[in-house]
$ cat structure.pdb   # PDB, C-alpha atoms
MODEL        1
ATOM      1  CA  MET A  19      23.366  49.723 -98.552
ATOM      2  CA  THR A  20      21.584  49.313 -95.258
ATOM      3  CA  HIS A  21      22.911  49.296 -91.624
ATOM      4  CA  ARG A  22      21.590  47.750 -88.414
ATOM      5  CA  SER A  23      19.964  50.391 -86.316
ATOM      6  CA  GLY A  24      21.674  49.161 -83.043
ATOM      7  CA  SER A  25      25.237  48.965 -84.307
ATOM      8  CA  GLY A  26      26.413  52.220 -82.592
ATOM      9  CA  SER A  27      24.635  51.809 -79.266
ATOM     10  CA  GLY A  28      27.501  49.853 -77.546
ATOM     11  CA  SER A  29      29.993  52.714 -77.572
ATOM     12  CA  PRO A  30      27.993  55.140 -75.351
ATOM     13  CA  ARG A  31      27.361  52.401 -72.772
ATOM     14  CA  ARG A  32      31.075  51.594 -72.567
ATOM     15  CA  GLU A  33      31.893  55.265 -72.124
ATOM     16  CA  ILE A  34      29.361  55.547 -69.330
ATOM     17  CA  ARG A  35      30.850  52.530 -67.542
ATOM     18  CA  VAL A  36      34.387  53.902 -67.877
ATOM     19  CA  ALA A  37      33.280  57.305 -66.606
ATOM     20  CA  ALA A  38      31.544  55.684 -63.621
ATOM     21  CA  ALA A  39      34.680  53.702 -62.779
ATOM     22  CA  VAL A  40      36.809  56.845 -62.951
ATOM     23  CA  VAL A  41      34.397  58.720 -60.675
ATOM     24  CA  ALA A  42      34.372  55.847 -58.171
ATOM     25  CA  SER A  43      38.165  55.735 -58.144
ATOM     26  CA  LEU A  44      38.338  59.461 -57.577
ATOM     27  CA  VAL A  45      35.824  59.204 -54.725
ATOM     28  CA  LEU A  46      37.795  56.406 -53.074
ATOM     29  CA  TRP A  47      41.072  58.274 -53.540
ATOM     30  CA  GLY A  48      39.537  61.424 -52.099
ATOM     31  CA  SER A  49      38.177  59.545 -49.093
ATOM     32  CA  ALA A  50      41.590  58.055 -48.359
ATOM     33  CA  ALA A  51      43.249  61.452 -48.699
ATOM     34  CA  ALA A  52      40.665  63.088 -46.428
ATOM     35  CA  ALA A  53      41.257  60.427 -43.797
ATOM     36  CA  GLY A  54      44.966  61.224 -43.748
ATOM     37  CA  SER A  55      46.261  57.929 -45.191
ATOM     38  CA  SER A  56      50.052  57.847 -44.754
ATOM     39  CA  VAL A  57      52.955  55.473 -45.037
ATOM     40  CA  VAL A  58      56.004  54.925 -42.808
ATOM     41  CA  VAL A  59      59.131  56.251 -44.562
ATOM     42  CA  VAL A  60      61.862  55.162 -42.129
ATOM     43  CA  PRO A  61      63.192  51.622 -41.560
ATOM     44  CA  GLN A  62      61.269  51.291 -38.299
ATOM     45  CA  VAL A  63      59.368  53.622 -35.998
ATOM     46  CA  GLU A  64      57.978  53.275 -32.496
ATOM     47  CA  VAL A  65      54.408  54.399 -31.842
ATOM     48  CA  PHE A  66      53.933  55.968 -28.396
ATOM     49  CA  ALA A  67      50.850  56.135 -26.184
ATOM     50  CA  GLU A  68      51.427  59.890 -25.759
ATOM     51  CA  PRO A  69      53.348  62.488 -27.800
ATOM     52  CA  SER A  70      56.526  61.977 -25.774
ATOM     53  CA  ASP A  71      59.697  59.927 -26.202
ATOM     54  CA  PHE A  72      59.301  58.861 -22.570
ATOM     55  CA  ALA A  73      55.792  57.461 -23.058
ATOM     56  CA  LYS A  74      54.910  53.770 -23.365
ATOM     57  CA  VAL A  75      55.622  52.168 -26.754
ATOM     58  CA  VAL A  76      52.367  50.618 -28.022
ATOM     59  CA  ALA A  77      53.444  49.454 -31.500
ATOM     60  CA  GLU A  78      56.392  49.200 -33.885
ATOM     61  CA  LEU A  79      55.926  49.798 -37.602
ATOM     62  CA  GLY A  80      58.355  49.262 -40.461
ATOM     63  CA  ARG A  81      58.964  51.089 -43.711
ATOM     64  CA  GLY A  82      55.962  50.929 -46.023
ATOM     65  CA  ALA A  83      53.385  50.226 -43.315
ATOM     66  CA  SER A  84      50.152  52.170 -43.855
ATOM     67  CA  VAL A  85      48.845  54.331 -41.032
ATOM     68  CA  LEU A  86      45.823  56.585 -40.709
ATOM     69  CA  VAL A  87      46.731  60.098 -39.580
ATOM     70  CA  LEU A  88      43.994  61.683 -37.478
ATOM     71  CA  ASP A  89      43.103  65.270 -38.240
ATOM     72  CA  GLU A  90      43.540  67.279 -35.029
ATOM     73  CA  ALA A  91      40.680  69.600 -35.925
ATOM     74  CA  GLU A  92      38.266  66.688 -36.383
ATOM     75  CA  TYR A  93      39.419  64.712 -33.323
ATOM     76  CA  THR A  94      39.848  67.605 -30.903
ATOM     77  CA  ASP A  95      38.514  65.676 -27.906
ATOM     78  CA  VAL A  96      40.815  62.649 -28.277
ATOM     79  CA  VAL A  97      44.001  63.878 -29.954
ATOM     80  CA  GLN A  98      46.763  65.504 -27.924
ATOM     81  CA  ARG A  99      48.341  68.371 -29.792
ATOM     82  CA  LYS A 100      52.118  68.785 -29.740
ATOM     83  CA  PRO A 101      54.468  70.290 -32.333
ATOM     84  CA  GLY A 102      56.476  67.699 -34.214
ATOM     85  CA  TRP A 103      54.051  64.809 -33.526
ATOM     86  CA  LEU A 104      51.250  63.141 -35.491
ATOM     87  CA  ALA A 105      48.342  61.156 -34.079
ATOM     88  CA  VAL A 106      47.704  57.881 -35.919
ATOM     89  CA  ARG A 107      45.125  55.112 -35.717
ATOM     90  CA  LEU A 108      46.814  51.883 -34.599
ATOM     91  CA  PRO A 109      46.518  49.024 -37.098
ATOM     92  CA  GLY A 110      44.296  46.239 -35.818
ATOM     93  CA  SER A 111      43.381  47.616 -32.394
ATOM     94  CA  GLY A 112      41.873  50.896 -33.572
ATOM     95  CA  GLY A 113      43.523  52.782 -30.726
ATOM     96  CA  ILE A 114      45.394  56.065 -31.040
ATOM     97  CA  GLY A 115      49.177  56.411 -30.965
ATOM     98  CA  TYR A 116      51.730  59.113 -31.701
ATOM     99  CA  VAL A 117      54.776  59.216 -33.986
ATOM    100  CA  HIS A 118      57.303  61.874 -34.902
ATOM    101  CA  PHE A 119      56.230  63.899 -37.927
ATOM    102  CA  GLU A 120      59.385  62.903 -39.829
ATOM    103  CA  ALA A 121      58.506  59.182 -39.599
ATOM    104  CA  VAL A 122      55.621  59.188 -42.066
ATOM    105  CA  GLY A 123      54.792  60.646 -45.465
ATOM    106  CA  SER A 124      51.311  62.175 -45.404
ATOM    107  CA  SER A 125      49.208  63.718 -48.131
ATOM    108  CA  LEU A 126      47.943  66.119 -45.475
ATOM    109  CA  ALA A 127      51.358  67.408 -44.375
ATOM    110  CA  PRO A 128      50.947  71.078 -43.357
ATOM    111  CA  ALA A 129      51.965  73.659 -45.919
ATOM    112  CA  GLY A 130      55.546  74.807 -45.679
ATOM    113  CA  ARG A 131      56.783  71.584 -44.003
ATOM    114  CA  PRO A 132      58.755  69.139 -46.169
ATOM    115  CA  ARG A 133      57.159  65.726 -46.544
ATOM    116  CA  PRO A 134      59.583  62.801 -46.228
ATOM    117  CA  GLN A 135      59.958  60.665 -49.342
ATOM    118  CA  ILE A 136      60.238  56.895 -49.587
ATOM    119  CA  ASP A 137      63.648  55.692 -50.720
ATOM    120  CA  PRO A 138      62.949  53.457 -53.733
ATOM    121  CA  GLU A 139      66.217  51.597 -53.155
ATOM    122  CA  GLU A 140      65.052  50.356 -49.745
ATOM    123  CA  PRO A 141      62.585  47.445 -49.711
ATOM    124  CA  SER A 142      59.507  47.507 -47.505
ATOM    125  CA  THR A 143      60.226  46.131 -44.026
ATOM    126  CA  ALA A 144      56.898  46.518 -42.270
ATOM    127  CA  TYR A 145      57.060  45.046 -38.795
ATOM    128  CA  ALA A 146      60.694  44.126 -39.408
ATOM    129  CA  SER A 147      62.691  42.642 -36.577
ATOM    130  CA  GLY A 148      65.697  44.309 -35.017
ATOM    131  CA  PRO A 149      66.188  47.465 -32.982
ATOM    132  CA  PRO A 150      64.205  50.498 -34.183
ATOM    133  CA  ARG A 151      65.973  53.597 -35.418
ATOM    134  CA  ARG A 152      65.322  56.540 -33.128
ATOM    135  CA  ILE A 153      63.569  59.450 -34.794
ATOM    136  CA  PRO A 154      65.371  62.663 -33.879
ATOM    137  CA  LEU A 155      63.801  65.121 -31.504
ATOM    138  CA  VAL A 156      63.426  68.712 -32.517
ATOM    139  CA  ALA A 157      66.214  70.572 -30.720
ATOM    140  CA  GLY A 158      65.175  73.631 -28.766
ATOM    141  CA  ARG A 159      61.975  72.219 -27.277
ATOM    142  CA  PHE A 160      60.928  70.803 -23.920
ATOM    143  CA  LEU A 161      60.190  67.104 -23.628
ATOM    144  CA  GLN A 162      56.776  66.171 -22.336
ATOM    145  CA  PRO A 163      57.038  66.049 -18.500
ATOM    146  CA  ALA A 164      56.671  62.654 -16.859
ATOM    147  CA  PRO A 165      54.098  62.389 -14.040
ATOM    148  CA  ALA A 166      56.789  60.971 -11.749
ATOM    149  CA  ARG A 167      60.491  60.154 -11.996
ATOM    150  CA  PHE A 168      62.601  58.322  -9.419
ATOM    151  CA  LEU A 169      66.266  59.255  -9.160
ATOM    152  CA  LEU A 170      69.343  57.323  -8.055
ATOM    153  CA  GLY A 171      72.566  59.300  -8.136
ATOM    154  CA  LEU A 172      76.143  58.265  -7.332
ATOM    155  CA  GLY A 173      79.101  60.561  -7.467
ATOM    156  CA  THR A 174      82.032  62.361  -5.980
ATOM    157  CA  GLY A 175      83.111  65.927  -5.340
ATOM    158  CA  ALA A 176      84.656  68.144  -2.700
ATOM    159  CA  ALA A 177      83.554  69.753   0.570
ATOM    160  CA  TRP A 178      84.975  72.653   2.584
ATOM    161  CA  PHE A 179      84.630  73.119   6.357
ATOM    162  CA  ASP A 180      84.422  76.245   8.449
ATOM    163  CA  GLY A 181      87.919  76.917   9.827
ATOM    164  CA  GLN A 182      86.846  77.148  13.474
ATOM    165  CA  SER A 183      84.879  73.886  13.380
ATOM    166  CA  ALA A 184      87.729  72.067  11.636
ATOM    167  CA  THR A 185      90.240  73.297  14.246
ATOM    168  CA  GLN A 186      88.034  72.288  17.176
ATOM    169  CA  GLN A 187      87.572  68.751  15.878
ATOM    170  CA  ARG A 188      91.177  68.489  14.587
ATOM    171  CA  ILE A 189      90.220  67.616  11.025
ATOM    172  CA  GLY A 190      91.242  69.033   7.663
ATOM    173  CA  SER A 191      89.567  72.141   6.248
ATOM    174  CA  SER A 192      88.477  70.308   3.086
ATOM    175  CA  GLY A 193      88.052  66.825   1.718
ATOM    176  CA  VAL A 194      86.909  64.598  -1.112
ATOM    177  CA  THR A 195      83.314  63.352  -0.984
ATOM    178  CA  LEU A 196      81.583  60.148  -2.051
ATOM    179  CA  HIS A 197      77.833  60.647  -2.139
ATOM    180  CA  ALA A 198      74.560  58.900  -3.039
ATOM    181  CA  THR A 199      71.193  60.537  -3.711
ATOM    182  CA  LEU A 200      67.593  59.310  -3.844
ATOM    183  CA  GLY A 201      64.982  61.625  -5.295
ATOM    184  CA  LEU A 202      61.511  62.010  -6.734
ATOM    185  CA  SER A 203      60.306  64.581  -9.244
ATOM    186  CA  ILE A 204      56.666  65.386  -9.996
ATOM    187  CA  TYR A 205      55.947  66.443 -13.588
ATOM    188  CA  ASP A 206      59.611  67.467 -13.879
ATOM    189  CA  VAL A 207      58.899  70.604 -11.870
ATOM    190  CA  PHE A 208      58.784  69.787  -8.140
ATOM    191  CA  THR A 209      61.447  67.595  -6.454
ATOM    192  CA  VAL A 210      62.192  66.037  -3.073
ATOM    193  CA  SER A 211      65.470  64.286  -2.314
ATOM    194  CA  THR A 212      67.692  62.849   0.370
ATOM    195  CA  SER A 213      71.431  62.420   0.200
ATOM    196  CA  GLY A 214      74.282  60.903   2.193
ATOM    197  CA  ALA A 215      78.025  61.401   1.802
ATOM    198  CA  PHE A 216      81.347  60.345   3.256
ATOM    199  CA  ILE A 217      83.903  63.148   3.501
ATOM    200  CA  ILE A 218      87.480  61.922   3.243
ATOM    201  CA  THR A 219      89.724  64.437   4.969
ATOM    202  CA  SER A 220      92.936  64.570   7.001
ATOM    203  CA  ASP A 221      92.954  63.757  10.729
ATOM    204  CA  HIS A 222      95.035  65.854  13.109
ATOM    205  CA  GLY A 223      93.811  64.052  16.220
ATOM    206  CA  SER A 224      94.583  60.405  15.473
ATOM    207  CA  PHE A 225      95.822  58.046  18.216
ATOM    208  CA  SER A 226      97.466  54.617  18.474
ATOM    209  CA  GLU A 227      97.059  51.610  20.768
ATOM    210  CA  GLN A 228      98.911  48.399  21.487
ATOM    211  CA  VAL A 229      96.554  45.569  20.553
ATOM    212  CA  VAL A 230      96.696  41.773  20.591
ATOM    213  CA  SER A 231      94.781  39.514  18.243
ATOM    214  CA  GLU A 232      92.084  37.350  19.833
ATOM    215  CA  GLN A 233      93.789  34.333  18.237
ATOM    216  CA  GLY A 234      96.961  35.195  20.151
ATOM    217  CA  GLY A 235     100.325  36.360  18.976
ATOM    218  CA  ASN A 236     102.581  39.298  19.653
ATOM    219  CA  PRO A 237     101.121  42.721  20.370
ATOM    220  CA  TYR A 238     101.305  45.362  17.633
ATOM    221  CA  THR A 239     100.453  49.033  17.210
ATOM    222  CA  ALA A 240      97.125  49.960  15.572
ATOM    223  CA  ASP A 241      96.260  53.476  14.449
ATOM    224  CA  SER A 242      92.837  55.064  14.569
ATOM    225  CA  SER A 243      90.846  55.989  11.477
ATOM    226  CA  LEU A 244      88.595  58.980  10.903
ATOM    227  CA  THR A 245      85.067  58.827   9.537
ATOM    228  CA  VAL A 246      83.104  61.970   8.689
ATOM    229  CA  GLY A 247      79.615  61.784   7.231
ATOM    230  CA  ARG A 248      76.974  64.180   5.966
ATOM    231  CA  TYR A 249      73.242  63.578   5.412
ATOM    232  CA  SER A 250      70.677  65.972   3.988
ATOM    233  CA  PHE A 251      67.063  66.493   2.936
ATOM    234  CA  ALA A 252      65.948  68.976   0.286
ATOM    235  CA  VAL A 253      62.985  70.205  -1.756
ATOM    236  CA  GLY A 254      63.176  72.239  -4.915
ATOM    237  CA  LEU A 255      62.071  73.247  -8.370
ATOM    238  CA  ARG A 256      63.427  72.250 -11.756
ATOM    239  CA  THR A 257      62.774  72.741 -15.443
ATOM    240  CA  PRO A 258      61.505  69.949 -17.700
ATOM    241  CA  PHE A 259      64.147  68.361 -19.911
ATOM    242  CA  TRP A 260      65.079  70.526 -22.888
ATOM    243  CA  ALA A 261      66.282  68.963 -26.155
ATOM    244  CA  LEU A 262      69.813  70.315 -26.657
ATOM    245  CA  PHE A 263      71.176  68.168 -29.457
ATOM    246  CA  SER A 264      69.657  65.556 -31.745
ATOM    247  CA  THR A 265      70.663  63.087 -34.449
ATOM    248  CA  GLU A 266      68.906  60.108 -35.996
ATOM    249  CA  GLU A 267      70.578  57.741 -33.520
ATOM    250  CA  SER A 268      70.856  59.686 -30.265
ATOM    251  CA  TRP A 269      69.943  62.887 -28.530
ATOM    252  CA  LEU A 270      70.910  64.916 -25.483
ATOM    253  CA  THR A 271      68.647  66.788 -23.089
ATOM    254  CA  GLY A 272      69.313  69.143 -20.201
ATOM    255  CA  ALA A 273      67.472  70.535 -17.181
ATOM    256  CA  LEU A 274      68.256  73.101 -14.498
ATOM    257  CA  PHE A 275      67.322  72.739 -10.835
ATOM    258  CA  ALA A 276      67.430  74.702  -7.565
ATOM    259  CA  ASP A 277      66.974  73.133  -4.093
ATOM    260  CA  TYR A 278      66.743  74.267  -0.502
ATOM    261  CA  GLY A 279      67.424  71.922   2.398
ATOM    262  CA  TRP A 280      69.055  71.025   5.692
ATOM    263  CA  ALA A 281      72.131  68.921   6.420
ATOM    264  CA  GLY A 282      73.652  67.277   9.478
ATOM    265  CA  VAL A 283      77.338  66.414   9.926
ATOM    266  CA  GLY A 284      79.088  64.047  12.327
ATOM    267  CA  GLY A 285      82.224  61.976  12.711
ATOM    268  CA  SER A 286      84.190  59.514  14.800
ATOM    269  CA  ARG A 287      87.702  58.237  15.475
ATOM    270  CA  SER A 288      88.189  54.599  16.275
ATOM    271  CA  ILE A 289      90.408  51.579  15.762
ATOM    272  CA  SER A 290      88.679  49.036  13.594
ATOM    273  CA  ASP A 291      88.205  45.457  14.851
ATOM    274  CA  CYS A 292      89.168  46.413  18.406
ATOM    275  CA  THR A 293      86.602  45.635  21.119
ATOM    276  CA  ASP A 294      88.095  47.545  24.037
ATOM    277  CA  CYS A 295      90.035  50.346  22.341
ATOM    278  CA  PRO A 296      88.980  53.927  23.039
ATOM    279  CA  SER A 297      86.876  55.716  20.449
ATOM    280  CA  GLU A 298      85.774  59.294  19.998
ATOM    281  CA  ASP A 299      82.497  60.498  18.493
ATOM    282  CA  PHE A 300      82.071  64.164  17.654
ATOM    283  CA  HIS A 301      79.233  66.236  16.287
ATOM    284  CA  LEU A 302      79.616  69.141  13.891
ATOM    285  CA  PRO A 303      76.867  71.760  13.682
ATOM    286  CA  GLY A 304      74.510  71.258  10.752
ATOM    287  CA  GLY A 305      72.628  73.916   8.868
ATOM    288  CA  THR A 306      70.500  74.937   5.928
ATOM    289  CA  PHE A 307      71.802  75.206   2.383
ATOM    290  CA  TRP A 308      70.820  76.089  -1.159
ATOM    291  CA  ARG A 309      71.873  74.127  -4.214
ATOM    292  CA  VAL A 310      71.828  74.819  -7.947
ATOM    293  CA  GLY A 311      72.827  72.503 -10.750
ATOM    294  CA  ILE A 312      72.275  70.976 -14.160
ATOM    295  CA  ASP A 313      71.237  67.514 -15.358
ATOM    296  CA  LEU A 314      72.336  66.229 -18.765
ATOM    297  CA  ALA A 315      70.458  63.096 -19.823
ATOM    298  CA  VAL A 316      70.371  60.558 -22.648
ATOM    299  CA  PRO A 317      67.426  58.101 -22.722
ATOM    300  CA  SER A 318      68.198  54.382 -22.907
ATOM    301  CA  SER A 319      66.771  51.929 -25.435
ATOM    302  CA  SER A 320      64.239  50.711 -22.855
ATOM    303  CA  ARG A 321      62.640  54.196 -22.693
ATOM    304  CA  LYS A 322      61.973  53.557 -18.993
ATOM    305  CA  ILE A 323      65.458  54.449 -17.740
ATOM    306  CA  THR A 324      67.300  57.654 -18.523
ATOM    307  CA  TYR A 325      71.026  57.925 -17.810
ATOM    308  CA  GLY A 326      72.611  61.258 -17.118
ATOM    309  CA  PHE A 327      75.346  63.397 -15.628
ATOM    310  CA  THR A 328      74.725  65.843 -12.790
ATOM    311  CA  ALA A 329      76.803  68.822 -11.678
ATOM    312  CA  ALA A 330      75.784  70.931  -8.675
ATOM    313  CA  TYR A 331      77.068  73.597  -6.330
ATOM    314  CA  GLN A 332      75.847  73.567  -2.711
ATOM    315  CA  SER A 333      76.340  76.541  -0.384
ATOM    316  CA  TYR A 334      75.626  76.376   3.371
ATOM    317  CA  LEU A 335      73.992  79.271   5.174
ATOM    318  CA  GLU A 336      75.127  78.044   8.603
ATOM    319  CA  GLY A 337      76.900  75.176  10.306
ATOM    320  CA  ALA A 338      80.311  73.522  10.008
ATOM    321  CA  LEU A 339      80.236  73.061   6.251
ATOM    322  CA  LEU A 340      80.787  75.997   3.928
ATOM    323  CA  GLN A 341      80.190  74.596   0.454
ATOM    324  CA  GLU A 342      80.246  71.496  -1.713
ATOM    325  CA  LEU A 343      80.916  70.750  -5.360
ATOM    326  CA  GLN A 344      79.073  67.650  -6.576
ATOM    327  CA  LEU A 345      79.632  65.642  -9.765
ATOM    328  CA  GLY A 346      78.022  62.323 -10.519
ATOM    329  CA  LEU A 347      76.047  59.882 -12.620
ATOM    330  CA  SER A 348      72.290  59.632 -12.367
ATOM    331  CA  MET A 349      69.592  57.153 -13.368
ATOM    332  CA  TRP A 350      65.947  58.157 -13.754
ATOM    333  CA  TRP A 351      63.036  55.694 -13.699
ATOM    334  CA  HIS A 352      59.580  56.703 -14.857
TER     335      HIS A 352
ENDMDL
END

$ encode --input "structure.pdb" --output "structure tokens"
Amino acid sequence: MTHRSGSGSGSPRREIRVAAAVVASLVLWGSAAAAGSSVVVVPQVEVFAEPSDFAKVVAELGRGASVLVLDEAEYTDVVQRKPGWLAVRLPGSGGIGYVHFEAVGSSLAPAGRPRPQIDPEEPSTAYASGPPRRIPLVAGRFLQPAPARFLLGLGTGAAWFDGQSATQQRIGSSGVTLHATLGLSIYDVFTVSTSGAFIITSDHGSFSEQVVSEQGGNPYTADSSLTVGRYSFAVGLRTPFWALFSTEESWLTGALFADYGWAGVGGSRSISDCTDCPSEDFHLPGGTFWRVGIDLAVPSSSRKITYGFTAAYQSYLEGALLQELQLGLSMWWH
């Protein structure tokens, strides 16, 4: 029995082709792994221009979207390093953005840090519509300072007067305050601010007058009203916002501040809507003060406005006022 000499030559060629395909696949897989190929593992994540929750949002990616994680060691000159953040290449534009580490699953996740897993029960929703879920901050860390923040504060509190000044001007020794504040902070460290307040207190020097309406009618008795105001200017130092508490949907930050400034105080007694009634203006001595306090803040969905609560104690070194307690709501723009 004879055989064709070429009958066994096809098998080695097929094995070579299969081996080449396997090698090519391994090379491609290795290249993707080396580049830091990752996938979004949360329903939706915001990509920021800088590693900060207060930075501009440059993209929104849904679950299953592929991103390219940039190796910090390889891109030292362009990647900003910050714990808890990953630098990614933006799809389409080729720019660089930043996401929280927990938002993506990466084959290059550092050793010792758990890599998030994709929930197989959840379908892919890349670029899905609807509000994004906030990725929690890491509690116990400072937020990235903003170059500038503008502050509007509204609140109430209490003020106490020096006994001698209050007796001379026949006003109460304490009162409730309604105040407003405008401020500016630079990199969450240096601040300048101005504030104005009405002090509602008792009046021991009020007077009455018989008045007649300009439209005619019988005369009636009108009583005077007291107005006391305070204005101030201050400069100070503060800490950047510190992450105090964090969940997947919300988080709370806090900052401490200390200011030094000067305040002026004045008041008047008059009968409103009376053109020829007597009035009395009086001036209370102003003075320097120091102020310490705390800001608690929760960012809004717009990322440009942060709402917060402020509590402060203000002590005067001289002048008619002794001290103030201030409580209020604040809004920060950046």

$ atom_distance --input "structure.pdb" --atom1 "atom CA of Tyr278 of chain A" --atom2 "atom CA of Gly193 of chain A"
22.7 Å

$ atom_distance --input "structure.pdb" --atom1 "atom CA of Thr271 of chain A" --atom2 "atom CA of Met349 of chain A"
13.7 Å

$ residues_around --input "structure.pdb" --residues "Val283 of chain A" --least-positions-apart "2" --cutoff "9 Å" --atoms "all atoms listed in the file" --output "mmCIF file with C-alpha atoms, keeping the file's coordinate frame"
data_model
loop_
_atom_site.group_PDB
_atom_site.id
_atom_site.type_symbol
_atom_site.label_atom_id
_atom_site.label_comp_id
_atom_site.auth_asym_id
_atom_site.auth_seq_id
_atom_site.Cartn_x
_atom_site.Cartn_y
_atom_site.Cartn_z
ATOM 1 C CA VAL A 246 83.104 61.970 8.689
ATOM 2 C CA GLY A 247 79.615 61.784 7.231
ATOM 3 C CA ARG A 248 76.974 64.180 5.966
ATOM 4 C CA TYR A 249 73.242 63.578 5.412
ATOM 5 C CA SER A 250 70.677 65.972 3.988
ATOM 6 C CA ALA A 281 72.131 68.921 6.420
ATOM 7 C CA GLY A 285 82.224 61.976 12.711
ATOM 8 C CA HIS A 301 79.233 66.236 16.287
ATOM 9 C CA LEU A 302 79.616 69.141 13.891
ATOM 10 C CA PRO A 303 76.867 71.760 13.682
ATOM 11 C CA GLY A 304 74.510 71.258 10.752
ATOM 12 C CA GLY A 305 72.628 73.916 8.868
ATOM 13 C CA GLY A 337 76.900 75.176 10.306
ATOM 14 C CA ALA A 338 80.311 73.522 10.008
ATOM 15 C CA LEU A 339 80.236 73.061 6.251
#

$ atom_distance --input "structure.pdb" --atom1 "atom CA of Gly123 of chain A" --atom2 "atom CA of Ala261 of chain A"
24.0 Å

$ residues_around --input "structure.pdb" --residues "Ser242 of chain A" --least-positions-apart "6" --cutoff "10 Å" --atoms "all atoms listed in the file" --output "PyMOL selection string"
chain A and resi 221+223-227+286-290+295-298

$ resolve_selection --input "structure.pdb" --expression "the PyMOL selection byres ((chain A and resi 334) around 12)" --output "JSON, numbers by chain"
{"A": [177, 178, 179, 180, 250, 277, 278, 279, 280, 281, 282, 303, 304, 305, 306, 307, 308, 309, 331, 332, 333, 335, 336, 337, 338, 339, 340, 341, 342, 343]}

$ closest_residue --input "structure.pdb" --among "A:Leu274, A:Val194, A:Ile323, A:Val210" --to "Gly175 of chain A" --atoms "only C-alpha atoms"
A:Val194

$ residues_around --input "structure.pdb" --residues "segment 211-213 of chain A" --least-positions-apart "4" --cutoff "6 Å" --atoms "all atoms listed in the file" --output "VMD selection string"
chain A and resid 198 to 201 249 to 252

$ residues_around --input "structure.pdb" --residues "Val58 of chain A" --least-positions-apart "3" --cutoff "6 Å" --atoms "all atoms listed in the file" --output "list in words"
Arg81, Gly82, Ala83, Ala121 and Val122 of chain A

$ closest_residue --input "structure.pdb" --among "A:Val106, A:Cys292, A:Val310, A:Val316" --to "Ser231 of chain A" --atoms "all atoms listed in the file"
A:Cys292

$ resolve_selection --input "structure.pdb" --expression "the PyMOL selection byres ((chain A and resi 275) around 8)" --output "count of residues only"
12

$ closest_residue --input "structure.pdb" --among "A:Ser243, A:Gln344, A:Thr209, A:Ser56" --to "Ala176 of chain A" --atoms "all atoms listed in the file"
A:Gln344

$ resolve_selection --input "structure.pdb" --expression "the PyMOL selection byres ((chain A and resi 161) around 8)" --output "list in words"
Ser70, Asp71, Arg159, Phe160, Gln162, Pro163, Pro258, Phe259, Trp260 and Ala261 of chain A

$ closest_residue --input "structure.pdb" --among "A:Trp269, A:Tyr325, A:Phe300, A:Phe66" --to "Gln98 of chain A" --atoms "only C-alpha atoms"
A:Phe66
